Amino acid sequence: MSPVLLITLPILLPLLGAPLAIFLRRNHRLQSYFALVVSTLALLVSLLLAWTLRSTPAGLVVQLGAWPAPFGISLVADP
């Protein structure tokens, strides 16, 4: 899995899952299952990121957008 996905998915999954769960508010059981699936996926990706960082002593850095580091968004995952 690419470093961009490893770093951004634990952030994006809950941010995208919460608004989608609003559409399931009429069916509480389905909404709770959906929230459980999204949370579990975020946890699994976070564990995969932690496992990847075990073998990468320097950590991972991802620049988002087209802006350089002082002005853009830098996501850093380090051990």
# chains A, B, ... in the order shown; residues from 1 in each chain; ligands from 1

$ select_by_dssp --residues "chain A" --states "strand (DSSP E or B)" --output "PyMOL selection string"
chain A and resi 60-64+73-77

$ select_by_dssp --residues "chain A" --states "alpha helix (DSSP H)" --output "ChimeraX atom specification"
/A:3-22,28-54

$ residues_around --residues "stretch 49-63 of chain A" --least-positions-apart "5" --cutoff "6 Å" --atoms "only C-alpha atoms" --output "PDB file with C-alpha atoms, in the first residue's frame"
ATOM      1  CA  LEU A   6      -1.407   4.688   4.686  1.00  0.00           C
ATOM      2  CA  ILE A  73      -0.148  20.363   4.208  1.00  0.00           C
ATOM      3  CA  SER A  74       2.524  17.939   5.395  1.00  0.00           C
ATOM      4  CA  LEU A  75       1.440  14.702   7.039  1.00  0.00           C
ATOM      5  CA  VAL A  76       4.176  12.911   8.975  1.00  0.00           C
ATOM      6  CA  ALA A  77       4.066   9.454  10.512  1.00  0.00           C
ATOM      7  CA  ASP A  78       7.075   8.557  12.602  1.00  0.00           C
ATOM      8  CA  PRO A  79       7.835   5.805  15.095  1.00  0.00           C
TER       9      PRO A  79
END

$ residues_around --residues "stretch 28-43 of chain A" --least-positions-apart "2" --cutoff "10 Å" --atoms "only C-alpha atoms" --output "VMD selection string"
chain A and resid 9 to 18 20 to 26 45 to 49

$ decode --residues "stretch 56-67 of chain A" --atoms "all heavy atoms" --output "CSV table (one decimal), in the first residue's frame"
chain,number,residue,atom,x,y,z
A,56,THR,N,10.6,1.2,9.1
A,56,THR,CA,11.0,2.4,8.5
A,56,THR,C,11.5,3.3,9.6
A,56,THR,O,10.7,4.0,10.2
A,56,THR,CB,9.9,3.1,7.7
A,56,THR,OG1,9.3,2.1,6.8
A,56,THR,CG2,10.4,4.3,6.9
A,57,PRO,N,12.8,3.4,9.9
A,57,PRO,CA,13.2,4.2,11.1
A,57,PRO,C,13.1,5.7,10.9
A,57,PRO,O,12.9,6.4,11.8
A,57,PRO,CB,14.7,3.8,11.2
A,57,PRO,CG,15.1,3.2,9.9
A,57,PRO,CD,13.9,2.7,9.3
A,58,ALA,N,13.1,6.1,9.6
A,58,ALA,CA,13.0,7.6,9.4
A,58,ALA,C,11.5,8.1,9.4
A,58,ALA,O,11.3,9.3,9.6
A,58,ALA,CB,13.6,7.9,8.1
A,59,GLY,N,10.6,7.2,9.2
A,59,GLY,CA,9.2,7.6,9.2
A,59,GLY,C,8.7,7.9,7.8
A,59,GLY,O,9.5,7.7,6.8
A,60,LEU,N,7.5,8.3,7.6
A,60,LEU,CA,6.9,8.6,6.3
A,60,LEU,C,6.4,10.1,6.3
A,60,LEU,O,5.8,10.5,7.3
A,60,LEU,CB,5.7,7.7,6.0
A,60,LEU,CG,6.0,6.2,6.0
A,60,LEU,CD1,4.7,5.4,5.9
A,60,LEU,CD2,6.9,5.9,4.8
A,61,VAL,N,6.7,10.7,5.2
A,61,VAL,CA,6.2,12.1,5.0
A,61,VAL,C,5.5,12.2,3.7
A,61,VAL,O,5.9,11.7,2.7
A,61,VAL,CB,7.4,13.1,5.0
A,61,VAL,CG1,6.9,14.5,4.8
A,61,VAL,CG2,8.2,13.0,6.3
A,62,VAL,N,4.3,12.9,3.7
A,62,VAL,CA,3.5,13.0,2.5
A,62,VAL,C,3.1,14.5,2.4
A,62,VAL,O,2.7,15.1,3.4
A,62,VAL,CB,2.2,12.2,2.6
A,62,VAL,CG1,1.3,12.5,1.5
A,62,VAL,CG2,2.5,10.7,2.6
A,63,GLN,N,3.4,15.1,1.3
A,63,GLN,CA,3.0,16.5,1.0
A,63,GLN,C,1.7,16.4,0.2
A,63,GLN,O,1.6,15.8,-0.9
A,63,GLN,CB,4.1,17.2,0.1
A,63,GLN,CG,5.4,17.3,0.7
A,63,GLN,CD,5.4,18.4,1.8
A,63,GLN,OE1,4.5,19.1,2.0
A,63,GLN,NE2,6.5,18.5,2.5
A,64,LEU,N,0.7,17.1,0.7
A,64,LEU,CA,-0.6,17.1,0.0
A,64,LEU,C,-0.8,18.4,-0.7
A,64,LEU,O,-0.4,19.5,-0.2
A,64,LEU,CB,-1.8,16.9,1.1
A,64,LEU,CG,-1.8,15.6,1.8
A,64,LEU,CD1,-2.9,15.6,2.8
A,64,LEU,CD2,-1.9,14.4,0.9
A,65,GLY,N,-1.4,18.3,-1.8
A,65,GLY,CA,-1.6,19.5,-2.6
A,65,GLY,C,-0.3,19.9,-3.4
A,65,GLY,O,0.7,19.2,-3.5
A,66,ALA,N,-0.3,21.0,-4.0
A,66,ALA,CA,0.8,21.5,-4.9
A,66,ALA,C,1.6,22.6,-4.2
A,66,ALA,O,2.4,23.2,-4.9
A,66,ALA,CB,0.2,22.0,-6.2
A,67,TRP,N,1.4,22.8,-3.0
A,67,TRP,CA,2.1,23.9,-2.3
A,67,TRP,C,3.4,23.3,-1.6
A,67,TRP,O,3.4,22.2,-1.1
A,67,TRP,CB,1.3,24.5,-1.2
A,67,TRP,CG,0.2,25.3,-1.8
A,67,TRP,CD1,-1.0,24.8,-2.2
A,67,TRP,CD2,0.2,26.7,-2.1
A,67,TRP,NE1,-1.8,25.8,-2.7
A,67,TRP,CE2,-1.1,27.0,-2.6
A,67,TRP,CE3,1.1,27.7,-1.8
A,67,TRP,CZ2,-1.4,28.3,-3.0
A,67,TRP,CZ3,0.7,29.0,-2.2
A,67,TRP,CH2,-0.5,29.3,-2.8
